[in-house]
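**Q** Structure in structure tokens, see below.
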Amino acid sequence: MTLQDTENLYTSGLYTKRPIAIVRGQGARLWDSEGREYIDCVGGQGSANLGHGNAAIAEALAAQARTLVSCPEMFYNDRRAELLEKLVSLAPAGLNRAYLCNSGTEAVEAALKFARLKTGRPETVAAMRGFHGRTLGALSATWEKKYREPFEPLLPGFKHIAYNDLAALDGAVTEQTAAVILEVVQGEGGVRPGTPDFLRGAERICRQRGALLILDEVQTGFGRTGQRFACQHYDLHPDLLCLAKSIAGGMPMGAVLFGDRVGVLPPQVHGSTFGGNPLACAAALAALDYLESQHLADRASELGAWFIARLKRIQSPVIREVRGLGLMVGIELKHKVTPYLQALMARGVLALPAGLTVMRFLPPLVISQDQLASVADEVEAVLRQPISEQ
Ligand SMILES: Cc1ncc(COP(=O)(O)O)c(C=O)c1O
């Protein structure tokens with residue numbers, strides 16, 4: 001039996017698989033079980049900002065694994081204290097506390113609960129095409145029908161307005177609104193950057209009406225868009241900031257940073273066994289050091305601008321639009337994206353979809369310009385003509 005057969009036999013069935021087994025990585029390169037090399041623009045769906053096989057993360061993990069792995073938050077812990085201080089020091093101004101958890105959806109779930117707890121209000125305003133995770137609270141904020149419908153009825157009190165439509169947001173936020181939850185750049189919804197007017201207007205409306213602004217930077221955080229956090233492009237001041245994916249160099253971790261409008265939370269109302277465990281904290285400390293010392297956000301900004309400009313020069317009847325921020329890049333096609341992603345994979349480049357028609361690139365931020373140039377060449381070759389005519 002191949003390892004693919006074994007997985008197929010025992011897996012949940014929830015994932016659409018590609019027919020390769022990835023077994024090793026270094027920087028922005030991955031290798032499959034046949035020894036084939038790929039340039040990775042999936043980047044662990046945005047969790048591999050620091051690159052694969054990162055020695056700093058590996059060493060931090062090994063040292064901490066030998067020292068202490070488990071330590072629930074009923075005790076204090078040295079690594080956790082260090083990480084909380086570090087996270088707050090790197091956070092946008094005003095965010096001075098953090099709740100640690102294990103994934104993006106958990107961070108969103110917690111932020112939604114904190115907003116309801118703090119305001120005593122029952123409703124949440126989210127955006128069409130928004131993606132916030134798959135637990136029932138986060139799923140209620142998520143827009144896409146195919147994720148929601150099998151699990152309806154979801155939580156009551158969630159409204160979805162068109163992203164970047166400030167008038168619609170203005171009409172939706174009432175004295176019943178606990179929170180507005182938004183991505184700064186919509187990721188799964190098609191790599192769609194928010195407009196400054198919309199995002200700043202959302203902050204203003206929240207302040208005026210006593211609702212809390214939750215920014216979901218699970219995908220855009222930690223350098224991805226060319227700033228440490230994408231909200232810094234727009235000088236936004238969220239009340240709650242959801243983080244995960246790359247926070248711990250690829251180890252599972254999530255966090256919600258929050259400020260004085262939320263304040264200290266009462267004991268026992270929320271929590272997590274694994275949240276803030278020393279192993280994940282040690283990985284996150286190493287990841288944050290690496291991110292800062294290697295100036296990965298600046299790198300994402302420069303390389304991203306170059307990559308987007310290069311992709312915009314591709315002459316193709318298949319392309320509708322190239323867009324993105326930093327190294328979060330999408331090409332909207334006039335056709336379904338899957339066959340183009342398959343063709344790209346056959347040429348040694350791994351990229352991912354965002355919806356049905358957008359080809360998305362989330363490479364590790366350590367990717368070189370030469371590697372990005374190769375990616376662009378392969379994309380150009382694949383998109384030169386509609387795939388049925390190739
Ligand atoms: C913006 C955003 N929020 C939340 C999530 C959910 O994160 P996780 O898969 O870690 O639960 C994702 C995942 O893609 C995301 O992109």
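Here, A, B, ... name the chains of the structure tokens in the order displayed, residue numbers run from 1 inside each chain, and ligands are numbered from 1 in the same displayed order.
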All residues within 8 Å of ligand 1 are required, counting only C-alpha atoms and all ligand atoms; please report them as an mmCIF file with all heavy atoms, in the first residue's frame.
**A**
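Wrote selection_15.cif, looks like this:
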data_model
loop_
_atom_site.group_PDB
_atom_site.id
_atom_site.type_symbol
_atom_site.label_atom_id
_atom_site.label_comp_id
_atom_site.auth_asym_id
_atom_site.auth_seq_id
_atom_site.Cartn_x
_atom_site.Cartn_y
_atom_site.Cartn_z
ATOM 1 N N GLN A 45 -0.695 27.076 4.030
ATOM 2 C CA GLN A 45 -1.896 27.943 4.043
ATOM 3 C C GLN A 45 -1.647 29.194 4.891
ATOM 4 O O GLN A 45 -2.536 29.685 5.589
ATOM 5 C CB GLN A 45 -3.126 27.176 4.548
ATOM 6 C CG GLN A 45 -3.525 26.066 3.609
ATOM 7 C CD GLN A 45 -4.692 25.235 4.086
ATOM 8 O OE1 GLN A 45 -4.897 25.051 5.285
ATOM 9 N NE2 GLN A 45 -5.457 24.704 3.153
ATOM 10 N N GLY A 46 -0.419 29.691 4.806
ATOM 11 C CA GLY A 46 -0.105 30.946 5.498
ATOM 12 C C GLY A 46 0.510 30.751 6.877
ATOM 13 O O GLY A 46 0.734 31.728 7.594
ATOM 14 N N ASN A 102 -5.051 27.930 20.305
ATOM 15 C CA ASN A 102 -4.335 26.944 19.491
ATOM 16 C C ASN A 102 -4.589 27.006 17.994
ATOM 17 O O ASN A 102 -4.036 26.205 17.247
ATOM 18 C CB ASN A 102 -4.700 25.534 19.986
ATOM 19 C CG ASN A 102 -4.602 25.434 21.491
ATOM 20 O OD1 ASN A 102 -3.516 25.425 22.030
ATOM 21 N ND2 ASN A 102 -5.742 25.416 22.155
ATOM 22 N N SER A 103 -5.451 27.901 17.550
ATOM 23 C CA SER A 103 -5.764 27.948 16.116
ATOM 24 C C SER A 103 -6.484 29.253 15.804
ATOM 25 O O SER A 103 -6.876 29.994 16.715
ATOM 26 C CB SER A 103 -6.680 26.775 15.730
ATOM 27 O OG SER A 103 -7.942 26.942 16.350
ATOM 28 N N GLY A 104 -6.689 29.485 14.512
ATOM 29 C CA GLY A 104 -7.374 30.699 14.087
ATOM 30 C C GLY A 104 -8.833 30.718 14.509
ATOM 31 O O GLY A 104 -9.340 31.718 15.020
ATOM 32 N N THR A 105 -9.501 29.603 14.295
ATOM 33 C CA THR A 105 -10.931 29.583 14.618
ATOM 34 C C THR A 105 -11.136 29.768 16.123
ATOM 35 O O THR A 105 -12.094 30.410 16.557
ATOM 36 C CB THR A 105 -11.607 28.300 14.079
ATOM 37 O OG1 THR A 105 -13.006 28.518 13.985
ATOM 38 C CG2 THR A 105 -11.335 27.077 14.945
ATOM 39 N N GLU A 106 -10.225 29.250 16.922
ATOM 40 C CA GLU A 106 -10.327 29.442 18.381
ATOM 41 C C GLU A 106 -10.110 30.896 18.761
ATOM 42 O O GLU A 106 -10.732 31.390 19.712
ATOM 43 C CB GLU A 106 -9.271 28.608 19.102
ATOM 44 C CG GLU A 106 -9.664 27.199 19.370
ATOM 45 C CD GLU A 106 -8.570 26.491 20.149
ATOM 46 O OE1 GLU A 106 -8.294 26.879 21.296
ATOM 47 O OE2 GLU A 106 -7.974 25.560 19.596
ATOM 48 N N ALA A 107 -9.219 31.561 18.049
ATOM 49 C CA ALA A 107 -8.980 32.981 18.340
ATOM 50 C C ALA A 107 -10.246 33.781 18.027
ATOM 51 O O ALA A 107 -10.675 34.648 18.798
ATOM 52 C CB ALA A 107 -7.789 33.501 17.535
ATOM 53 N N VAL A 108 -10.881 33.473 16.889
ATOM 54 C CA VAL A 108 -12.102 34.178 16.503
ATOM 55 C C VAL A 108 -13.229 33.873 17.489
ATOM 56 O O VAL A 108 -13.958 34.767 17.930
ATOM 57 C CB VAL A 108 -12.510 33.794 15.054
ATOM 58 C CG1 VAL A 108 -13.909 34.282 14.735
ATOM 59 C CG2 VAL A 108 -11.487 34.349 14.068
ATOM 60 N N GLY A 130 -16.276 36.972 3.789
ATOM 61 C CA GLY A 130 -15.352 36.834 4.918
ATOM 62 C C GLY A 130 -15.181 35.376 5.297
ATOM 63 O O GLY A 130 -16.099 34.569 5.151
ATOM 64 N N PHE A 131 -13.992 35.050 5.786
ATOM 65 C CA PHE A 131 -13.741 33.698 6.314
ATOM 66 C C PHE A 131 -13.105 33.845 7.683
ATOM 67 O O PHE A 131 -12.095 34.522 7.839
ATOM 68 C CB PHE A 131 -12.809 32.897 5.400
ATOM 69 C CG PHE A 131 -12.627 31.478 5.886
ATOM 70 C CD1 PHE A 131 -13.493 30.471 5.492
ATOM 71 C CD2 PHE A 131 -11.603 31.162 6.768
ATOM 72 C CE1 PHE A 131 -13.351 29.168 5.968
ATOM 73 C CE2 PHE A 131 -11.453 29.858 7.256
ATOM 74 C CZ PHE A 131 -12.323 28.861 6.847
ATOM 75 N N HIS A 132 -13.710 33.190 8.684
ATOM 76 C CA HIS A 132 -13.202 33.339 10.048
ATOM 77 C C HIS A 132 -13.015 32.007 10.761
ATOM 78 O O HIS A 132 -12.682 32.001 11.944
ATOM 79 C CB HIS A 132 -14.140 34.242 10.852
ATOM 80 C CG HIS A 132 -14.289 35.607 10.248
ATOM 81 N ND1 HIS A 132 -13.276 36.543 10.276
ATOM 82 C CD2 HIS A 132 -15.301 36.174 9.542
ATOM 83 C CE1 HIS A 132 -13.676 37.643 9.644
ATOM 84 N NE2 HIS A 132 -14.894 37.443 9.186
ATOM 85 N N GLY A 133 -13.233 30.896 10.065
ATOM 86 C CA GLY A 133 -13.032 29.597 10.697
ATOM 87 C C GLY A 133 -14.292 28.768 10.693
ATOM 88 O O GLY A 133 -15.326 29.186 10.168
ATOM 89 N N ARG A 134 -14.193 27.586 11.312
ATOM 90 C CA ARG A 134 -15.232 26.569 11.118
ATOM 91 C C ARG A 134 -15.874 26.045 12.387
ATOM 92 O O ARG A 134 -16.708 25.145 12.327
ATOM 93 C CB ARG A 134 -14.625 25.390 10.345
ATOM 94 C CG ARG A 134 -14.118 25.766 8.975
ATOM 95 C CD ARG A 134 -13.212 24.664 8.485
ATOM 96 N NE ARG A 134 -12.518 24.964 7.256
ATOM 97 C CZ ARG A 134 -12.981 24.706 6.037
ATOM 98 N NH1 ARG A 134 -14.166 24.196 5.885
ATOM 99 N NH2 ARG A 134 -12.254 24.977 4.980
ATOM 100 N N THR A 135 -15.470 26.544 13.566
ATOM 101 C CA THR A 135 -16.244 26.205 14.762
ATOM 102 C C THR A 135 -17.542 27.012 14.690
ATOM 103 O O THR A 135 -17.619 27.998 13.944
ATOM 104 C CB THR A 135 -15.452 26.516 16.033
ATOM 105 O OG1 THR A 135 -14.951 27.842 15.944
ATOM 106 C CG2 THR A 135 -14.285 25.549 16.204
ATOM 107 N N ALA A 138 -17.377 30.968 14.922
ATOM 108 C CA ALA A 138 -16.601 31.527 13.803
ATOM 109 C C ALA A 138 -17.308 31.254 12.477
ATOM 110 O O ALA A 138 -17.315 32.103 11.575
ATOM 111 C CB ALA A 138 -15.196 30.930 13.800
ATOM 112 N N GLU A 183 -11.750 41.013 8.090
ATOM 113 C CA GLU A 183 -10.361 40.809 7.674
ATOM 114 C C GLU A 183 -9.864 42.110 7.051
ATOM 115 O O GLU A 183 -10.649 42.827 6.427
ATOM 116 C CB GLU A 183 -10.280 39.697 6.627
ATOM 117 C CG GLU A 183 -10.610 38.317 7.152
ATOM 118 C CD GLU A 183 -11.013 37.381 6.009
ATOM 119 O OE1 GLU A 183 -12.214 37.337 5.672
ATOM 120 O OE2 GLU A 183 -10.137 36.709 5.450
ATOM 121 N N GLN A 186 -9.258 40.278 2.678
ATOM 122 C CA GLN A 186 -9.988 39.002 2.699
ATOM 123 C C GLN A 186 -9.138 37.945 1.995
ATOM 124 O O GLN A 186 -8.708 38.141 0.851
ATOM 125 C CB GLN A 186 -11.335 39.152 2.003
ATOM 126 C CG GLN A 186 -12.314 40.004 2.810
ATOM 127 C CD GLN A 186 -13.724 39.943 2.259
ATOM 128 O OE1 GLN A 186 -13.920 39.976 1.038
ATOM 129 N NE2 GLN A 186 -14.704 39.871 3.146
ATOM 130 N N GLY A 187 -8.892 36.852 2.689
ATOM 131 C CA GLY A 187 -8.005 35.823 2.154
ATOM 132 C C GLY A 187 -8.750 34.757 1.382
ATOM 133 O O GLY A 187 -8.738 34.736 0.145
ATOM 134 N N GLU A 188 -9.445 33.891 2.122
ATOM 135 C CA GLU A 188 -10.171 32.796 1.468
ATOM 136 C C GLU A 188 -11.203 33.344 0.481
ATOM 137 O O GLU A 188 -11.529 32.710 -0.517
ATOM 138 C CB GLU A 188 -10.900 31.935 2.502
ATOM 139 C CG GLU A 188 -10.030 31.384 3.616
ATOM 140 C CD GLU A 188 -8.919 30.510 3.100
ATOM 141 O OE1 GLU A 188 -9.214 29.546 2.393
ATOM 142 O OE2 GLU A 188 -7.750 30.803 3.415
ATOM 143 N N ASP A 216 -9.613 40.308 12.133
ATOM 144 C CA ASP A 216 -9.143 38.935 11.996
ATOM 145 C C ASP A 216 -7.898 38.963 11.113
ATOM 146 O O ASP A 216 -7.999 39.051 9.886
ATOM 147 C CB ASP A 216 -10.257 38.076 11.374
ATOM 148 C CG ASP A 216 -9.814 36.631 11.179
ATOM 149 O OD1 ASP A 216 -8.606 36.348 11.318
ATOM 150 O OD2 ASP A 216 -10.682 35.792 10.872
ATOM 151 N N GLU A 217 -6.745 38.919 11.774
ATOM 152 C CA GLU A 217 -5.469 38.913 11.039
ATOM 153 C C GLU A 217 -4.808 37.534 11.121
ATOM 154 O O GLU A 217 -3.583 37.424 11.144
ATOM 155 C CB GLU A 217 -4.550 39.999 11.592
ATOM 156 C CG GLU A 217 -5.033 41.400 11.284
ATOM 157 C CD GLU A 217 -3.914 42.277 10.718
ATOM 158 O OE1 GLU A 217 -3.043 41.758 9.984
ATOM 159 O OE2 GLU A 217 -3.934 43.475 11.039
ATOM 160 N N VAL A 218 -5.646 36.519 11.183
ATOM 161 C CA VAL A 218 -5.122 35.152 11.226
ATOM 162 C C VAL A 218 -4.242 34.894 9.990
ATOM 163 O O VAL A 218 -3.173 34.292 10.092
ATOM 164 C CB VAL A 218 -6.293 34.144 11.329
ATOM 165 C CG1 VAL A 218 -5.859 32.724 11.022
ATOM 166 C CG2 VAL A 218 -6.908 34.224 12.719
ATOM 167 N N GLN A 219 -4.696 35.369 8.835
ATOM 168 C CA GLN A 219 -3.932 35.135 7.602
ATOM 169 C C GLN A 219 -2.966 36.281 7.289
ATOM 170 O O GLN A 219 -1.900 36.070 6.714
ATOM 171 C CB GLN A 219 -4.899 34.930 6.429
ATOM 172 C CG GLN A 219 -4.225 34.426 5.190
ATOM 173 C CD GLN A 219 -5.183 33.805 4.181
ATOM 174 O OE1 GLN A 219 -5.005 33.944 2.988
ATOM 175 N NE2 GLN A 219 -6.207 33.102 4.637
ATOM 176 N N THR A 220 -3.334 37.500 7.648
ATOM 177 C CA THR A 220 -2.532 38.665 7.247
ATOM 178 C C THR A 220 -1.447 39.024 8.270
ATOM 179 O O THR A 220 -0.589 39.860 7.967
ATOM 180 C CB THR A 220 -3.439 39.902 7.057
ATOM 181 O OG1 THR A 220 -4.242 40.074 8.236
ATOM 182 C CG2 THR A 220 -4.347 39.738 5.857
ATOM 183 N N CYS A 242 -7.282 39.128 16.165
ATOM 184 C CA CYS A 242 -7.162 37.668 16.139
ATOM 185 C C CYS A 242 -5.939 37.255 15.327
ATOM 186 O O CYS A 242 -5.782 37.693 14.180
ATOM 187 C CB CYS A 242 -8.395 37.042 15.499
ATOM 188 S SG CYS A 242 -9.900 37.411 16.390
ATOM 189 N N ALA A 244 -3.061 33.839 14.410
ATOM 190 C CA ALA A 244 -2.766 32.399 14.466
ATOM 191 C C ALA A 244 -1.731 32.087 13.383
ATOM 192 O O ALA A 244 -0.729 32.797 13.289
ATOM 193 C CB ALA A 244 -4.030 31.561 14.298
ATOM 194 N N LYS A 245 -2.002 31.085 12.586
ATOM 195 C CA LYS A 245 -1.154 30.654 11.468
ATOM 196 C C LYS A 245 0.344 30.756 11.768
ATOM 197 O O LYS A 245 0.907 29.850 12.333
ATOM 198 C CB LYS A 245 -1.533 31.421 10.202
ATOM 199 C CG LYS A 245 -2.964 31.055 9.716
ATOM 200 C CD LYS A 245 -3.062 31.054 8.231
ATOM 201 C CE LYS A 245 -4.472 30.978 7.698
ATOM 202 N NZ LYS A 245 -4.892 29.617 7.314
ATOM 203 N N PRO A 252 1.048 24.803 15.946
ATOM 204 C CA PRO A 252 -0.314 25.281 16.190
ATOM 205 C C PRO A 252 -0.371 26.260 17.362
ATOM 206 O O PRO A 252 0.076 25.936 18.456
ATOM 207 C CB PRO A 252 -1.088 24.003 16.553
ATOM 208 C CG PRO A 252 -0.247 22.891 16.064
ATOM 209 C CD PRO A 252 1.165 23.355 16.094
ATOM 210 N N GLY A 254 -2.755 30.119 18.520
ATOM 211 C CA GLY A 254 -3.568 31.282 18.174
ATOM 212 C C GLY A 254 -3.509 32.266 19.324
ATOM 213 O O GLY A 254 -3.053 31.923 20.427
#
**Q** Enumerate as a list of chain:residue names all residues of segment 100-226 of chain A assigned to strand (DSSP E or B) by DSSP on the backbone, naming them with the chain letters and numbers the document uses.
**A** A:Leu100, A:Cys101, A:Glu123, A:Thr124, A:Val125, A:Ala126, A:Ala127, A:Phe158, A:Lys159, A:His160, A:Ile161, A:Thr177, A:Ala178, A:Ala179, A:Val180, A:Ile181, A:Leu182, A:Glu183, A:Val185, A:Gln186, A:Arg192, A:Pro193, A:Leu212, A:Leu213, A:Ile214, A:Leu215, A:Asp216
**Q** By how many Å are atom CA of Leu117 of chain A and atom CA of Glu203 of chain A apart?
**A** 19.6 Å
**Q** Output as a tab-separated table one row per residue of segment 25-131 of chain A within 10 Å of segment 359-382 of chain A: the closest atom pair and its distance in Å to one decimal place, counting only C-alpha atoms, sorted by chain and residue number ascending.
**A**
residue	atom	partner	partner_atom	distance
A:Gly27	CA	A:Val366	CA	6.4
A:Ala28	CA	A:Ile367	CA	5.2
A:Arg29	CA	A:Ile367	CA	8.5
A:Tyr38	CA	A:Val375	CA	10.0
A:Ile39	CA	A:Gln371	CA	7.1
A:Asp40	CA	A:Pro363	CA	5.9
A:Cys41	CA	A:Pro363	CA	3.9
A:Val42	CA	A:Leu362	CA	5.3
A:Gly43	CA	A:Pro363	CA	4.9
A:Gly44	CA	A:Leu362	CA	8.3
A:Gln45	CA	A:Leu362	CA	6.8
A:Gly46	CA	A:Leu362	CA	5.7
A:Ser47	CA	A:Pro364	CA	8.4
A:Ala48	CA	A:Pro364	CA	5.5
A:Asn49	CA	A:Pro364	CA	4.2
A:Leu50	CA	A:Pro364	CA	5.8
A:Gly51	CA	A:Pro364	CA	4.9
A:His52	CA	A:Pro364	CA	7.9
**Q** Residues within 8 Å of Val69 of chain A, please, as a list of chain:residue names. Count only C-alpha atoms; anything in the same chain fewer than 6 positions from it doesn't count.
**A**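 Here the answer would be A:Asn277, A:Pro278, A:Leu279.
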**Q** Which residue is closest to Thr2 of chain A? Choose from A:Ala280, A:Ile20, A:Val262, A:Leu136 and count only C-alpha atoms.
**A**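 The answer is A:Ile20, which sits nearest to Thr2 of chain A.
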**Q** If you run DSSP on the backbone here, which positions in segment 27-189 of chain A get alpha helix (DSSP H)? Please write them as a ChimeraX atom specification.
**A** /A:43-46,55-67,78-90,104-119,136-141,145-148,166-172
**Q** Name the residues in contact with Ala56 of chain A at a cut-off of 8 Å, using only C-alpha atoms, excluding same-chain residues fewer than 5 positions from it; report them as an MDAnalysis selection string.
**A** chainID A and resid 286:287 290
**Q** Determine, counting only C-alpha atoms, which protein, DNA and RNA residues have an atom within 6 Å of an atom of segment 223-233 of chain A; residues of the same chain fewer than 3 positions away are not included. Present the result as a ChimeraX atom specification.
**A** /A:220,236,297-298,300-301,325-328
**Q** Can you list, as a VMD selection string, every protein, DNA or RNA residue that comes within 12 Å of Ala178 of chain A when you count only C-alpha atoms, leaving out same-chain residues fewer than 6 positions away?
**A** chain A and resid 111 to 126 157 to 159 172 206 to 207 209 to 214 239 to 240 261 to 262
**Q** Save the residues we just selected, N, CA, C and O atoms, as a short mmCIF file (atom, residue, chain, number, x, y, z; two decimals), in the first residue's frame?
**A**
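Generated file (again-v3.cif):
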data_model
loop_
_atom_site.label_atom_id
_atom_site.label_comp_id
_atom_site.auth_asym_id
_atom_site.auth_seq_id
_atom_site.Cartn_x
_atom_site.Cartn_y
_atom_site.Cartn_z
N ALA A 111 -12.69 35.85 20.57
CA ALA A 111 -12.92 37.29 20.37
C ALA A 111 -14.42 37.58 20.34
O ALA A 111 -14.90 38.57 20.92
N LEU A 112 -15.18 36.71 19.66
CA LEU A 112 -16.64 36.91 19.60
C LEU A 112 -17.24 36.81 21.00
O LEU A 112 -18.11 37.61 21.39
N LYS A 113 -16.77 35.84 21.78
CA LYS A 113 -17.29 35.69 23.14
C LYS A 113 -16.91 36.88 24.00
O LYS A 113 -17.73 37.40 24.77
N PHE A 114 -15.67 37.34 23.89
CA PHE A 114 -15.21 38.47 24.71
C PHE A 114 -16.05 39.72 24.39
O PHE A 114 -16.40 40.49 25.28
N ALA A 115 -16.34 39.90 23.11
CA ALA A 115 -17.10 41.10 22.71
C ALA A 115 -18.51 41.04 23.29
O ALA A 115 -19.04 42.05 23.77
N ARG A 116 -19.11 39.87 23.24
CA ARG A 116 -20.47 39.74 23.81
C ARG A 116 -20.45 39.93 25.32
O ARG A 116 -21.31 40.59 25.89
N LEU A 117 -19.45 39.35 25.94
CA LEU A 117 -19.32 39.46 27.39
C LEU A 117 -19.16 40.91 27.81
O LEU A 117 -19.79 41.39 28.76
N LYS A 118 -18.30 41.61 27.09
CA LYS A 118 -17.95 42.97 27.48
C LYS A 118 -19.10 43.94 27.24
O LYS A 118 -19.38 44.82 28.04
N THR A 119 -19.78 43.80 26.08
CA THR A 119 -20.81 44.78 25.71
C THR A 119 -22.18 44.37 26.25
O THR A 119 -23.08 45.21 26.32
N GLY A 120 -22.38 43.09 26.53
CA GLY A 120 -23.70 42.60 26.89
C GLY A 120 -24.68 42.63 25.73
O GLY A 120 -25.90 42.52 25.92
N ARG A 121 -24.16 42.76 24.52
CA ARG A 121 -25.03 42.83 23.33
C ARG A 121 -24.97 41.51 22.56
O ARG A 121 -23.94 40.85 22.57
N PRO A 122 -26.02 41.17 21.84
CA PRO A 122 -26.07 39.84 21.22
C PRO A 122 -25.62 39.74 19.75
O PRO A 122 -25.46 38.65 19.24
N GLU A 123 -25.46 40.88 19.06
CA GLU A 123 -25.30 40.77 17.60
C GLU A 123 -23.86 41.02 17.12
O GLU A 123 -23.09 41.69 17.79
N THR A 124 -23.58 40.47 15.93
CA THR A 124 -22.27 40.66 15.30
C THR A 124 -22.48 41.00 13.84
O THR A 124 -23.33 40.40 13.17
N VAL A 125 -21.71 41.97 13.36
CA VAL A 125 -21.74 42.30 11.92
C VAL A 125 -20.46 41.78 11.29
O VAL A 125 -19.36 42.06 11.78
N ALA A 126 -20.61 41.01 10.21
CA ALA A 126 -19.45 40.45 9.49
C ALA A 126 -19.62 40.80 8.02
O ALA A 126 -20.58 41.48 7.63
N GLY A 157 -28.20 36.27 15.20
CA GLY A 157 -27.65 37.59 15.46
C GLY A 157 -26.45 37.98 14.62
O GLY A 157 -25.79 38.97 14.91
N PHE A 158 -26.15 37.20 13.57
CA PHE A 158 -25.05 37.57 12.67
C PHE A 158 -25.60 38.17 11.39
O PHE A 158 -26.48 37.60 10.75
N LYS A 159 -25.10 39.38 11.05
CA LYS A 159 -25.50 40.02 9.78
C LYS A 159 -24.26 40.10 8.90
O LYS A 159 -23.16 40.36 9.40
N ALA A 172 -25.96 48.67 9.34
CA ALA A 172 -26.09 47.38 10.05
C ALA A 172 -25.72 47.47 11.53
O ALA A 172 -26.16 46.64 12.32
N CYS A 206 -17.86 51.85 14.94
CA CYS A 206 -17.81 51.03 16.17
C CYS A 206 -17.66 51.93 17.39
O CYS A 206 -18.38 51.76 18.38
N ARG A 207 -16.73 52.87 17.33
CA ARG A 207 -16.50 53.77 18.48
C ARG A 207 -17.76 54.57 18.80
O ARG A 207 -18.15 54.69 19.96
N ARG A 209 -20.84 53.88 18.23
CA ARG A 209 -22.03 53.14 18.69
C ARG A 209 -21.74 52.15 19.79
O ARG A 209 -22.58 51.32 20.14
N GLY A 210 -20.52 52.17 20.32
CA GLY A 210 -20.21 51.30 21.45
C GLY A 210 -20.04 49.84 21.08
O GLY A 210 -20.10 48.96 21.93
N ALA A 211 -19.81 49.56 19.78
CA ALA A 211 -19.50 48.19 19.37
C ALA A 211 -17.98 48.02 19.36
O ALA A 211 -17.25 49.01 19.27
N LEU A 212 -17.52 46.79 19.45
CA LEU A 212 -16.08 46.55 19.43
C LEU A 212 -15.65 46.12 18.02
O LEU A 212 -16.39 45.42 17.33
N LEU A 213 -14.46 46.58 17.63
CA LEU A 213 -13.93 46.20 16.31
C LEU A 213 -12.98 45.02 16.48
O LEU A 213 -11.95 45.12 17.15
N ILE A 214 -13.37 43.89 15.87
CA ILE A 214 -12.49 42.71 15.86
C ILE A 214 -11.83 42.64 14.49
O ILE A 214 -12.53 42.55 13.47
N ASP A 239 -10.12 46.76 18.68
CA ASP A 239 -10.29 46.44 20.10
C ASP A 239 -9.83 45.02 20.39
O ASP A 239 -9.38 44.71 21.48
N LEU A 240 -10.01 44.16 19.38
CA LEU A 240 -9.55 42.77 19.50
C LEU A 240 -8.86 42.39 18.19
O LEU A 240 -9.38 42.69 17.11
N ARG A 261 -10.72 48.72 26.07
CA ARG A 261 -12.18 48.65 25.88
C ARG A 261 -12.70 47.26 26.23
O ARG A 261 -13.88 47.10 26.52
N VAL A 262 -11.83 46.26 26.19
CA VAL A 262 -12.21 44.92 26.68
C VAL A 262 -11.80 44.79 28.14
O VAL A 262 -12.59 44.37 28.99
#
**Q** So that I can check the surroundings of Asp235 of chain A, please list as number ranges by chain every protein, DNA and RNA residue that reaches within 10 Å of it, counting only C-alpha atoms and ignoring chain neighbours fewer than 4 positions away.
**A** A: 92-93, 196, 199-200, 230-231
**Q** In Å, how far is it from atom CA of Leu87 of chain A to atom CA of Leu100 of chain A?
**A**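 Interatomic distance, atom CA of Leu87 of chain A to atom CA of Leu100 of chain A: 10.5 Å.
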**Q** Could you jot down the atom CA of Thr357 of chain A to atom CA of Thr195 of chain A separation for me, Å, one decimal place?
**A**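 Computing it gives 21.7 Å between the two atoms.
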